[in-house]
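One file, model20.txt, carrying compact mmCIF, C-alpha atoms:
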```txt
# COMPACT_ATOMS: atom_id res chain seq x y z
CA MET A 1 -43.06 121.71 -7.36
CA LYS A 2 -40.11 123.11 -9.27
CA LEU A 3 -40.45 124.61 -12.73
CA GLY A 4 -38.18 124.50 -15.74
CA LEU A 5 -37.88 123.68 -19.41
CA SER A 6 -36.66 120.83 -21.52
CA LEU A 7 -34.13 122.16 -24.01
CA TYR A 8 -36.24 120.24 -26.56
CA THR A 9 -38.34 123.41 -26.47
CA TYR A 10 -35.57 125.26 -28.32
CA GLY A 11 -35.72 122.86 -31.26
CA THR A 12 -36.65 125.41 -33.91
CA ASP A 13 -33.35 127.19 -33.78
CA ILE A 14 -31.04 124.46 -32.50
CA HIS A 15 -32.18 122.08 -35.26
CA ALA A 16 -31.65 124.74 -37.91
CA GLY A 17 -28.18 125.64 -36.62
CA ARG A 18 -29.21 129.13 -35.52
CA MET A 19 -28.77 128.63 -31.78
CA SER A 20 -26.22 126.88 -29.61
CA VAL A 21 -27.01 124.77 -26.57
CA ASP A 22 -25.19 127.32 -24.40
CA GLU A 23 -27.46 130.09 -25.68
CA ALA A 24 -30.53 128.02 -24.89
CA ILE A 25 -29.31 127.33 -21.36
CA ARG A 26 -28.60 131.01 -20.74
CA HIS A 27 -32.00 132.02 -22.07
CA ALA A 28 -33.79 129.49 -19.88
CA ASN A 29 -32.02 131.02 -16.92
CA GLU A 30 -32.97 134.55 -17.96
CA ILE A 31 -36.69 133.72 -18.02
CA GLY A 32 -36.61 132.12 -14.58
CA CYS A 33 -36.14 128.36 -14.96
CA GLU A 34 -34.98 126.52 -11.86
CA GLY A 35 -33.82 123.48 -13.78
CA LEU A 36 -33.45 121.99 -17.24
CA GLU A 37 -33.83 118.75 -19.08
CA ILE A 38 -31.08 117.95 -21.56
CA ILE A 39 -31.34 115.36 -24.30
CA GLU A 40 -28.20 113.45 -25.21
CA GLU A 41 -29.20 112.97 -28.84
CA GLN A 42 -30.02 116.63 -29.34
CA HIS A 43 -27.66 118.64 -27.19
CA PHE A 44 -24.42 116.67 -27.07
CA SER A 45 -22.27 115.07 -29.69
CA LYS A 46 -22.41 111.29 -29.73
CA PRO A 47 -20.65 109.62 -28.06
CA VAL A 48 -20.71 112.30 -25.39
CA THR A 49 -17.30 113.49 -24.28
CA LEU A 50 -16.56 114.22 -20.63
CA LYS A 51 -15.28 117.62 -21.70
CA GLU A 52 -18.60 118.77 -23.16
CA ALA A 53 -20.59 117.18 -20.34
CA ALA A 54 -18.47 119.01 -17.77
CA HIS A 55 -18.88 122.25 -19.68
CA VAL A 56 -22.67 121.98 -19.64
CA ARG A 57 -22.77 120.90 -15.99
CA GLU A 58 -20.57 123.84 -14.96
CA LEU A 59 -22.53 126.32 -17.06
CA VAL A 60 -25.84 125.20 -15.59
CA GLU A 61 -24.44 125.26 -12.06
CA SER A 62 -22.84 128.68 -12.56
CA LEU A 63 -26.27 130.06 -13.41
CA GLY A 64 -27.81 128.66 -10.25
CA MET A 65 -29.84 126.00 -12.03
CA GLU A 66 -29.68 122.21 -12.06
CA ILE A 67 -30.01 119.46 -14.63
CA ALA A 68 -33.37 118.08 -13.64
CA CYS A 69 -33.27 115.19 -16.09
CA TYR A 70 -30.87 113.68 -18.60
CA SER A 71 -32.77 112.11 -21.50
CA THR A 72 -31.30 109.45 -23.74
CA TYR A 73 -32.41 106.84 -26.24
CA LEU A 74 -31.86 103.10 -26.10
CA ASN A 75 -31.97 102.58 -29.85
CA SER A 76 -32.97 99.17 -31.07
CA MET A 77 -32.24 99.43 -34.78
CA VAL A 78 -28.79 101.01 -35.19
CA ASN A 79 -27.87 97.74 -36.86
CA PRO A 80 -30.90 96.90 -39.01
CA ASN A 81 -30.02 93.22 -38.95
CA ARG A 82 -29.83 92.70 -35.21
CA GLU A 83 -31.44 94.20 -32.12
CA PRO A 84 -29.10 94.60 -29.14
CA THR A 85 -29.21 91.78 -26.64
CA LEU A 86 -30.47 92.36 -23.11
CA GLU A 87 -26.84 92.39 -21.96
CA GLU A 88 -25.99 95.09 -24.50
CA TYR A 89 -28.97 97.20 -23.42
CA ILE A 90 -27.81 96.82 -19.81
CA GLU A 91 -24.32 98.00 -20.69
CA SER A 92 -25.71 101.03 -22.55
CA ALA A 93 -28.02 101.85 -19.65
CA LYS A 94 -25.14 101.66 -17.17
CA GLU A 95 -23.20 104.17 -19.25
CA MET A 96 -26.22 106.45 -19.21
CA ILE A 97 -26.48 106.12 -15.44
CA ALA A 98 -22.84 107.08 -15.02
CA MET A 99 -23.20 110.06 -17.36
CA THR A 100 -26.29 111.23 -15.50
CA ALA A 101 -24.33 111.21 -12.26
CA TYR A 102 -21.40 112.98 -13.92
CA LEU A 103 -23.79 115.71 -15.02
CA GLY A 104 -24.85 116.14 -11.42
CA SER A 105 -28.39 114.98 -12.11
CA ARG A 106 -30.40 112.46 -10.12
CA LEU A 107 -32.73 111.48 -12.94
CA MET A 108 -32.38 109.90 -16.34
CA ARG A 109 -34.97 109.08 -18.96
CA PRO A 110 -33.83 106.33 -21.29
CA ALA A 111 -36.39 106.06 -24.08
CA PHE A 112 -36.96 102.37 -24.66
CA PHE A 113 -39.54 100.61 -26.80
CA ALA A 114 -41.14 98.61 -24.03
CA GLU A 115 -43.54 96.41 -25.88
CA PRO A 116 -44.29 94.17 -24.09
CA VAL A 117 -43.49 95.94 -20.83
CA GLU A 118 -41.89 92.80 -19.38
CA ARG A 119 -38.83 93.70 -21.46
CA LEU A 120 -38.54 96.92 -19.52
CA VAL A 121 -38.99 95.21 -16.17
CA LYS A 122 -36.11 92.82 -16.90
CA LEU A 123 -33.86 95.65 -18.03
CA VAL A 124 -34.56 97.93 -15.08
CA LYS A 125 -34.21 95.17 -12.51
CA ALA A 126 -30.80 94.32 -13.93
CA CYS A 127 -29.77 97.97 -13.60
CA LEU A 128 -31.06 98.55 -10.05
CA PRO A 129 -27.70 97.94 -8.31
CA THR A 130 -26.05 100.51 -10.60
CA LEU A 131 -28.88 102.99 -10.11
CA GLU A 132 -28.53 102.63 -6.35
CA LYS A 133 -24.74 102.91 -6.50
CA TYR A 134 -24.88 106.17 -8.45
CA ASN A 135 -28.05 107.38 -6.71
CA VAL A 136 -29.76 107.91 -10.05
CA ILE A 137 -33.48 107.36 -10.69
CA TRP A 138 -34.68 105.74 -13.92
CA GLY A 139 -37.73 107.67 -15.09
CA VAL A 140 -39.89 105.85 -17.60
CA GLU A 141 -41.62 108.28 -19.92
CA LEU A 142 -45.32 107.79 -20.43
CA HIS A 143 -46.27 109.34 -23.77
CA ALA A 144 -49.23 109.07 -26.12
CA PRO A 145 -50.34 106.88 -27.81
CA PHE A 146 -49.80 104.63 -24.79
CA HIS A 147 -52.63 104.60 -22.29
CA PRO A 148 -51.79 106.31 -18.97
CA MET A 149 -51.79 102.98 -17.15
CA HIS A 150 -49.38 101.33 -19.61
CA TYR A 151 -46.42 101.31 -17.18
CA LYS A 152 -48.37 100.76 -13.95
CA GLN A 153 -47.66 97.04 -14.03
CA ALA A 154 -43.93 97.64 -14.59
CA LEU A 155 -43.74 100.22 -11.80
CA ASP A 156 -45.37 97.81 -9.39
CA ALA A 157 -43.27 94.88 -10.58
CA VAL A 158 -39.97 96.71 -10.07
CA ASP A 159 -41.25 98.38 -6.90
CA SER A 160 -38.25 100.63 -6.30
CA PRO A 161 -37.76 104.32 -5.59
CA TYR A 162 -35.12 104.15 -8.32
CA PHE A 163 -37.75 103.44 -10.97
CA ARG A 164 -40.40 106.12 -11.27
CA LEU A 165 -42.73 107.69 -13.81
CA ILE A 166 -42.32 110.67 -16.13
CA PRO A 167 -45.76 111.44 -17.54
CA ASP A 168 -46.03 113.54 -20.67
CA PHE A 169 -49.11 115.74 -20.98
CA SER A 170 -49.68 114.29 -24.47
CA CYS A 171 -51.68 111.53 -22.77
CA TRP A 172 -54.19 114.10 -21.51
CA GLN A 173 -54.47 116.38 -24.52
CA VAL A 174 -57.98 116.89 -25.86
CA ASN A 175 -59.98 118.87 -28.44
CA GLY A 176 -58.35 117.32 -31.49
CA ALA A 177 -54.77 117.95 -30.52
CA PRO A 178 -52.06 116.96 -33.03
CA GLY A 179 -52.10 113.21 -33.40
CA GLU A 180 -55.64 112.93 -32.04
CA PHE A 181 -54.47 111.71 -28.68
CA MET A 182 -56.90 109.90 -26.43
CA ASP A 183 -59.10 111.62 -23.89
CA ALA A 184 -57.81 109.62 -20.95
CA GLY A 185 -59.60 111.53 -18.21
CA LEU A 186 -57.91 113.41 -15.41
CA ASP A 187 -58.54 110.66 -12.88
CA THR A 188 -55.79 108.62 -14.52
CA PHE A 189 -53.34 111.49 -13.98
CA ARG A 190 -54.42 111.75 -10.35
CA ALA A 191 -54.00 108.02 -9.82
CA LEU A 192 -50.45 108.10 -11.14
CA ALA A 193 -49.27 111.10 -9.11
CA PRO A 194 -47.62 108.99 -6.38
CA TYR A 195 -45.35 107.41 -9.01
CA MET A 196 -44.24 110.66 -10.63
CA VAL A 197 -40.69 111.93 -10.35
CA HIS A 198 -40.69 114.46 -13.21
CA VAL A 199 -43.35 115.80 -15.57
CA HIS A 200 -43.22 116.77 -19.24
CA ALA A 201 -45.62 119.64 -19.79
CA LYS A 202 -46.14 119.11 -23.50
CA SER A 203 -47.55 121.82 -25.78
CA HIS A 204 -47.93 122.30 -29.51
CA PHE A 205 -49.90 125.55 -29.62
CA PHE A 206 -50.61 128.63 -27.53
CA ASP A 207 -53.66 130.84 -27.93
CA ASP A 208 -53.79 134.61 -27.62
CA ASN A 209 -54.08 134.34 -23.85
CA GLY A 210 -50.96 132.23 -23.63
CA ASP A 211 -52.96 129.10 -22.83
CA ASP A 212 -52.74 125.76 -24.59
CA PRO A 213 -56.17 125.02 -26.08
CA TYR A 214 -55.46 121.29 -26.23
CA THR A 215 -54.06 120.66 -22.77
CA PRO A 216 -55.80 121.25 -19.41
CA TYR A 217 -52.79 122.86 -17.75
CA LYS A 218 -54.75 124.33 -14.86
CA ASP A 219 -56.35 121.00 -13.96
CA LEU A 220 -53.18 118.96 -14.38
CA LEU A 221 -51.05 121.30 -12.31
CA ASN A 222 -53.73 121.58 -9.63
CA ILE A 223 -53.70 117.80 -9.29
CA LEU A 224 -49.94 117.94 -8.75
CA LYS A 225 -50.39 120.61 -6.08
CA GLU A 226 -53.06 118.57 -4.33
CA ALA A 227 -50.72 115.57 -4.39
CA ASN A 228 -47.93 117.67 -2.82
CA TYR A 229 -45.74 116.82 -5.80
CA THR A 230 -42.20 118.12 -5.23
CA GLY A 231 -40.47 117.20 -8.49
CA TYR A 232 -39.98 119.21 -11.65
CA VAL A 233 -42.53 120.20 -14.23
CA VAL A 234 -40.62 121.06 -17.38
CA GLY A 235 -42.13 122.58 -20.49
CA GLU A 236 -41.60 120.50 -23.60
CA TYR A 237 -42.75 122.57 -26.54
CA GLU A 238 -43.11 120.59 -29.74
CA GLY A 239 -44.77 123.05 -32.08
CA TRP A 240 -41.49 123.45 -33.92
CA ALA A 241 -41.74 119.88 -35.14
CA ALA A 242 -45.51 119.53 -35.35
CA ARG A 243 -46.13 122.21 -37.94
CA PRO A 244 -44.85 121.56 -41.46
CA GLU A 245 -43.67 125.10 -42.11
CA GLY A 246 -42.74 125.94 -38.55
CA ASP A 247 -44.63 127.88 -35.93
CA GLY A 248 -43.60 131.43 -36.75
CA MET A 249 -41.86 131.87 -33.42
CA THR A 250 -38.21 131.94 -32.54
CA SER A 251 -37.15 129.38 -29.97
CA LYS A 252 -36.75 132.11 -27.38
CA GLN A 253 -40.30 133.34 -27.97
CA ALA A 254 -41.72 129.83 -27.74
CA ALA A 255 -39.71 129.04 -24.62
CA GLU A 256 -40.85 132.17 -22.82
CA LYS A 257 -44.51 131.62 -23.76
CA HIS A 258 -44.36 128.07 -22.54
CA PHE A 259 -42.60 128.85 -19.31
CA ARG A 260 -45.06 131.63 -18.50
CA LEU A 261 -47.91 129.16 -19.02
CA ILE A 262 -46.36 126.72 -16.55
CA GLU A 263 -45.79 129.52 -14.08
CA LYS A 264 -49.37 130.75 -14.48
CA TYR A 265 -50.83 127.52 -13.09
CA GLY A 266 -47.85 125.93 -11.37
CA ARG A 267 -46.81 128.63 -8.89
CA MET B 1 -54.66 109.97 -38.43
CA SER B 2 -52.97 107.85 -35.76
CA GLU B 3 -50.28 109.15 -33.46
CA GLN B 4 -47.67 107.12 -35.33
CA GLN B 5 -48.70 108.51 -38.71
CA SER B 6 -48.84 112.00 -37.30
CA ALA B 7 -45.32 111.73 -35.90
CA SER B 8 -44.04 110.50 -39.23
CA TYR B 9 -45.71 113.29 -41.13
CA THR B 10 -44.59 116.09 -38.91
CA PHE B 11 -41.01 114.99 -38.44
CA GLU B 12 -40.60 114.39 -42.18
CA LYS B 13 -41.60 117.97 -42.85
CA LEU B 14 -39.23 119.23 -40.19
CA ALA B 15 -36.45 117.22 -41.78
CA GLU B 16 -37.12 118.70 -45.21
CA ARG B 17 -37.37 122.22 -43.82
CA ASP B 18 -33.85 122.25 -42.43
CA LEU B 19 -32.15 119.79 -44.79
CA LEU B 20 -30.17 122.29 -46.84
CA ALA B 21 -27.45 124.40 -45.27
CA GLY B 22 -26.87 126.98 -47.96
CA ASN B 23 -27.81 127.51 -51.59
CA THR B 24 -24.49 127.39 -53.37
CA LEU B 25 -22.72 124.74 -55.36
CA THR B 26 -19.03 125.16 -54.66
CA ILE B 27 -16.52 123.99 -57.23
CA ASP B 28 -13.48 122.43 -55.64
CA ILE B 29 -10.07 123.61 -56.70
CA GLY B 30 -9.21 121.87 -59.93
CA GLY B 31 -12.87 121.54 -60.87
CA GLY B 32 -13.06 117.83 -60.14
CA SER B 33 -16.02 117.96 -57.82
CA TYR B 34 -18.91 120.06 -56.56
CA ARG B 35 -20.22 120.38 -53.02
CA PHE B 36 -23.17 121.87 -51.18
CA GLY B 37 -24.17 122.12 -47.56
CA VAL B 38 -26.66 119.85 -45.80
CA ARG B 39 -27.80 119.63 -42.23
CA GLU B 40 -28.61 116.48 -40.26
CA PRO B 41 -32.37 116.46 -40.72
CA TRP B 42 -33.86 114.12 -38.14
CA TYR B 43 -34.99 115.47 -34.76
CA THR B 44 -32.25 113.54 -32.98
CA THR B 45 -28.68 112.58 -33.71
CA ILE B 46 -28.44 109.57 -36.00
CA PRO B 47 -25.82 106.92 -36.72
CA LEU B 48 -24.87 106.92 -40.38
CA SER B 49 -26.56 103.53 -40.65
CA ALA B 50 -29.84 105.41 -40.52
CA ILE B 51 -29.12 106.73 -44.04
CA SER B 52 -30.25 104.09 -46.50
CA THR B 53 -29.73 106.14 -49.66
CA ILE B 54 -28.76 109.63 -50.79
CA SER B 55 -29.78 110.69 -54.28
CA VAL B 56 -28.92 113.95 -56.04
CA THR B 57 -29.97 115.46 -59.35
CA VAL B 58 -28.42 118.57 -60.86
CA ASN B 59 -30.41 120.24 -63.64
CA GLY B 60 -32.24 116.97 -64.20
CA TYR B 61 -29.11 114.85 -64.34
CA ALA B 62 -29.14 112.04 -61.77
CA VAL B 63 -25.68 111.80 -60.29
CA PRO B 64 -24.76 108.10 -60.05
CA ALA B 65 -24.87 106.86 -56.48
CA GLU B 66 -21.21 105.88 -56.52
CA ASN B 67 -20.28 109.50 -57.25
CA ILE B 68 -22.00 110.91 -54.16
CA MET B 69 -20.06 111.39 -50.94
CA LEU B 70 -21.00 112.71 -47.51
CA SER B 71 -18.28 114.91 -46.04
CA LEU B 72 -18.76 114.86 -42.27
CA ARG B 73 -16.25 116.58 -40.00
CA GLY B 74 -13.66 116.19 -42.74
CA GLN B 75 -14.35 112.50 -43.31
CA MET B 76 -15.30 111.66 -46.90
CA ILE B 77 -17.81 108.83 -46.73
CA PRO B 78 -19.30 107.25 -49.86
CA ALA B 79 -23.06 107.68 -49.64
CA GLU B 80 -23.57 104.03 -50.45
CA SER B 81 -21.45 103.04 -47.42
CA CYS B 82 -23.46 104.97 -44.83
CA LYS B 83 -25.95 102.19 -44.20
CA GLY B 84 -23.19 99.92 -42.91
CA ILE B 85 -21.61 102.42 -40.49
CA PHE B 86 -22.97 102.06 -36.97
CA GLU B 87 -20.44 103.98 -34.89
CA ILE B 88 -20.11 107.34 -36.65
CA HIS B 89 -22.90 109.71 -35.68
CA TRP B 90 -24.24 112.81 -37.42
CA ASN B 91 -25.39 115.11 -34.68
CA MET B 92 -28.77 116.82 -34.73
CA GLY B 93 -28.63 119.91 -36.90
CA GLU B 94 -24.92 119.49 -37.62
CA ALA B 95 -23.80 120.89 -40.96
CA ALA B 96 -21.99 118.62 -43.40
CA GLU B 97 -21.51 118.60 -47.16
CA ILE B 98 -22.61 116.50 -50.09
CA VAL B 99 -19.70 116.11 -52.49
CA LEU B 100 -20.36 115.14 -56.10
CA VAL B 101 -17.37 113.63 -57.84
CA ASP B 102 -18.57 113.42 -61.41
CA SER B 103 -16.80 114.74 -64.50
CA ASN B 104 -20.14 115.03 -66.35
CA LEU B 105 -21.15 117.89 -64.09
CA SER B 106 -18.66 120.34 -65.56
CA GLU B 107 -20.75 120.48 -68.72
CA LEU B 108 -24.09 120.62 -66.91
CA VAL B 109 -23.53 123.18 -64.20
CA THR B 110 -24.45 126.75 -65.10
CA VAL B 111 -24.72 130.02 -63.22
CA LYS B 112 -28.08 128.92 -61.77
CA ASN B 113 -28.86 125.28 -61.11
CA THR B 114 -31.77 123.22 -59.91
CA VAL B 115 -30.48 120.79 -57.31
CA THR B 116 -32.60 118.09 -55.68
CA ILE B 117 -31.44 115.93 -52.82
CA ALA B 118 -33.46 112.96 -51.63
CA MET B 119 -32.69 110.79 -48.65
CA GLU B 120 -34.20 107.57 -47.47
CA LEU B 121 -33.78 107.35 -43.73
CA ARG B 122 -34.47 104.60 -41.24
CA THR B 123 -35.47 105.39 -37.70
CA VAL B 124 -33.07 103.68 -35.29
CA PHE B 125 -35.45 103.99 -32.36
CA ASN B 126 -38.56 101.89 -32.70
CA TYR B 127 -41.42 104.38 -32.80
CA GLY B 128 -43.74 101.84 -34.37
CA LEU B 129 -43.81 103.83 -37.62
CA PRO B 130 -44.88 101.97 -40.75
CA GLY B 131 -41.65 100.36 -41.94
CA ASN B 132 -39.71 102.72 -39.68
CA LYS B 133 -38.70 104.57 -42.84
CA LEU B 134 -38.75 108.20 -43.86
CA ASN B 135 -38.37 109.59 -47.36
CA ILE B 136 -37.42 113.23 -47.55
CA SER B 137 -36.36 115.52 -50.38
CA ARG B 138 -35.64 119.14 -51.02
CA THR B 139 -35.12 121.09 -54.25
CA ALA B 140 -33.35 124.42 -54.43
CA GLU B 141 -31.95 126.83 -56.96
CA MET B 142 -28.22 127.07 -56.40
CA GLY B 143 -25.67 129.46 -57.72
CA VAL B 144 -22.04 128.53 -58.24
CA GLN B 145 -18.86 129.74 -56.67
```
As structure tokens, please, write out the structure in this file.
Amino acid sequence: MKLGLSLYTYGTDIHAGRMSVDEAIRHANEIGCEGLEIIEEQHFSKPVTLKEAAHVRELVESLGMEIACYSTYLNSMVNPNREPTLEEYIESAKEMIAMTAYLGSRLMRPAFFAEPVERLVKLVKACLPTLEKYNVIWGVELHAPFHPMHYKQALDAVDSPYFRLIPDFSCWQVNGAPGEFMDAGLDTFRALAPYMVHVHAKSHFFDDNGDDPYTPYKDLLNILKEANYTGYVVGEYEGWAARPEGDGMTSKQAAEKHFRLIEKYGR
Amino acid sequence: MSEQQSASYTFEKLAERDLLAGNTLTIDIGGGSYRFGVREPWYTTIPLSAISTISVTVNGYAVPAENIMLSLRGQMIPAESCKGIFEIHWNMGEAAEIVLVDSNLSELVTVKNTVTIAMELRTVFNYGLPGNKLNISRTAEMGVQ
């Protein structure tokens, strides 16, 4: 597997205007990341310009890294009086696919409120020709509070290598983690491994040993090794948002702690 | 606490933590208006339609809604108009200014001022939050320049 960080991890200082996206990218490189996840609605202006996208792509490439995943949001309530039609969602998704390819990435994660999941199946099926044309994979993010098997039906219904799973460790957090996520059992993670294209290693806290007391990193990463998983595991630190007064760490400190944790069990 | 409630709680606090960008009320040339810095508070970029209301009090005086403007990248947008603007986005963490165009303020503003800003936000992604609404506020002591 390959190891990296989501730039979401740098939220403390980017959100407060103390750090630029370029600084975060350079820091991730300094601590050893092979690749990065970038979030459109956090790290680019909106609508994204080709100029800034090219700048980020070239910066990442110049540092010997890659954009492992381009994350976006398919918002449903920009206009409070009307949800986009399926055709409008398709058009937005096609733009995201094109931007993912322009960034030199093979994977995008469009967040979409897929309830019921049949909505997602219709949307993805309509986008398959464009995904194939641009050679971009649609990764559906599995995040608590959804049960680990929530997207299994959709993955089987679409049945395409261009529609895969991005599990977030939040589904397997235990011991009273923020939000009181379910204890889903590691067997569910093991069962989903063949569908995985990218993994969000979520954390909210680190103990004095640099471990996450709420998330079984060692077990989860061992399962990926046993499954011969070859995609990315990216750290997605969320302590900056989960604690009302902040976490007492700079973004660089949090990023390095998190990346060392992933390296500890993922190498 | 459910995951949805937890997300609401935590992200509201984050929004309040970083809402103000500075602690100074700046008097515009000519004295016709006052401004102070704010930062886009949500954890992602938002369209202006996500801002349902912006309220401001200065030393206990509630500035009428029609006298409150959001100055974003040089565009002066009446706060009351934000909710109908779908295609102008305020980027995550981007600094902007609240401009108060109110002649009453010249008699109320002193060397030190208590300023409160409150915003009612809508989430534009469906997280399943109760009402998909967030109410945030922040009070600060502000000098004048």
| Skipping near chain neighbours, those fewer than 3 positions away, what residues fall within 12 Å of B:Glu107 using only C-alpha atoms, listed as JSON, numbers by chain? | {"B": [31, 32, 58, 59, 61, 102, 103, 104, 110, 111]}
| Please, which residues of chain A lie no more than 6 Å from chain B when the count uses only C-alpha atoms, and can they be set out as JSON, numbers by chain? | {"A": [15, 16, 17, 41, 42, 45, 75, 76, 77, 78, 179, 241, 242, 244]}
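Close contacts of stretch 212-223 of chain A, defined as residues with an atom at most 7 Å away when counting only C-alpha atoms, with chain neighbours fewer than 5 positions off set aside, comprise A:Trp172, A:Gln173, A:Val174, A:Asn175, A:Ala177, A:Arg190, A:Ser203, A:Phe205, A:Phe206, A:Asp207, A:Tyr265, A:Gly266.
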Would you mind exporting C-alpha atoms of the selected residues as a compact mmCIF listing (two decimals), keeping the file's coordinate frame?
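What ended up in again_27.txt:
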```txt
# COMPACT_ATOMS: atom_id res chain seq x y z
CA TRP A 172 -54.19 114.10 -21.51
CA GLN A 173 -54.47 116.38 -24.52
CA VAL A 174 -57.98 116.89 -25.86
CA ASN A 175 -59.98 118.87 -28.44
CA ALA A 177 -54.77 117.95 -30.52
CA ARG A 190 -54.42 111.75 -10.35
CA SER A 203 -47.55 121.82 -25.78
CA PHE A 205 -49.90 125.55 -29.62
CA PHE A 206 -50.61 128.63 -27.53
CA ASP A 207 -53.66 130.84 -27.93
CA TYR A 265 -50.83 127.52 -13.09
CA GLY A 266 -47.85 125.93 -11.37
```
| query | Quick one: distance from atom CA of A:His27 to atom CA of A:Ala111 in Å, one decimal? | reply | 26.4 Å
| Could you name the residues that touch A:Pro161 at 10 Å or less, counting all atoms listed in the file, but leaving out those on the same chain fewer than 3 positions away, as number ranges by chain? | A: 128, 132, 136-138, 155, 158, 164, 195, 197
Could you save those same residues with C-alpha atoms as a short mmCIF file (atom, residue, chain, number, x, y, z; two decimals), in the coordinates of the input?
```
data_model
loop_
_atom_site.label_atom_id
_atom_site.label_comp_id
_atom_site.auth_asym_id
_atom_site.auth_seq_id
_atom_site.Cartn_x
_atom_site.Cartn_y
_atom_site.Cartn_z
CA LEU A 128 -31.06 98.55 -10.05
CA GLU A 132 -28.53 102.63 -6.35
CA VAL A 136 -29.76 107.91 -10.05
CA ILE A 137 -33.48 107.36 -10.69
CA TRP A 138 -34.68 105.74 -13.92
CA LEU A 155 -43.74 100.22 -11.80
CA VAL A 158 -39.97 96.71 -10.07
CA ARG A 164 -40.40 106.12 -11.27
CA TYR A 195 -45.35 107.41 -9.01
CA VAL A 197 -40.69 111.93 -10.35
#
```
| query | If we count all atoms listed in the file, what is near stretch 1-9 of chain A at a cut-off of 10 Å, once residues fewer than 5 positions away on the same chain are taken out, given as JSON, numbers by chain? | reply | {"A": [14, 15, 21, 24, 25, 28, 29, 31, 32, 33, 34, 35, 36, 37, 38, 39, 42, 43, 65, 66, 67, 68, 69, 70, 71, 198, 199, 200, 201, 202, 203, 221, 224, 225, 228, 229, 230, 231, 232, 233, 234, 235, 236, 237, 238, 239, 240, 241, 251, 252, 254, 255, 256, 258, 259, 262, 263, 266, 267], "B": [43]}
| Between A:Phe112, A:Phe169, A:Tyr10, A:Tyr102, which has the minimum distance to A:Gly185 (counting only C-alpha atoms)? | A:Phe169
| said: Using only C-alpha atoms, can you tell me which of B:Val63, B:Ile117, B:Ile51, B:Val56 comes closest to B:Ile77? | reply: B:Ile51
| message | Set the distance at 7 Å and use all atoms listed in the file: which residues neighbour B:Asn23 once local chain neighbours fewer than 3 positions away are removed? I'd like the list as a VMD selection string. | response | chain B and resid 140 to 143
Please return the centre and edge lengths, in Å to one decimal, of a box with edges along x, y and z that contains all listed atoms of stretch 48-60 of chain B, widened by 6 Å on every side, as AutoDock Vina command-line options.
```
--center_x -28.6 --center_y 111.9 --center_z -52.3 --size_x 19.4 --size_y 28.7 --size_z 35.8
```
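The shortest atom-to-atom distance to B:Ser52, with all atoms listed in the file taken into account, belongs to B:Pro78 out of B:Gly37, B:Gly30, B:Pro78, B:Pro64.
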| query | Which distance in Å separates atom CA of A:Val117 and atom CA of A:Ala144, to one decimal? | reply | 15.3 Å
| remark: Taken to one decimal, the atom CA of A:Leu120-atom CA of A:Ala157 distance is 10.3 Å
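The nearest approach to B:Thr114 among the residues B:Ser33, B:Thr57, B:Ser71, B:Thr26, with only C-alpha atoms taken into account, belongs to B:Thr57.
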| field | Proximity to A:Asp247 - best of A:Arg82, A:Lys264, A:Arg119, A:His204, only C-alpha atoms | value | A:His204
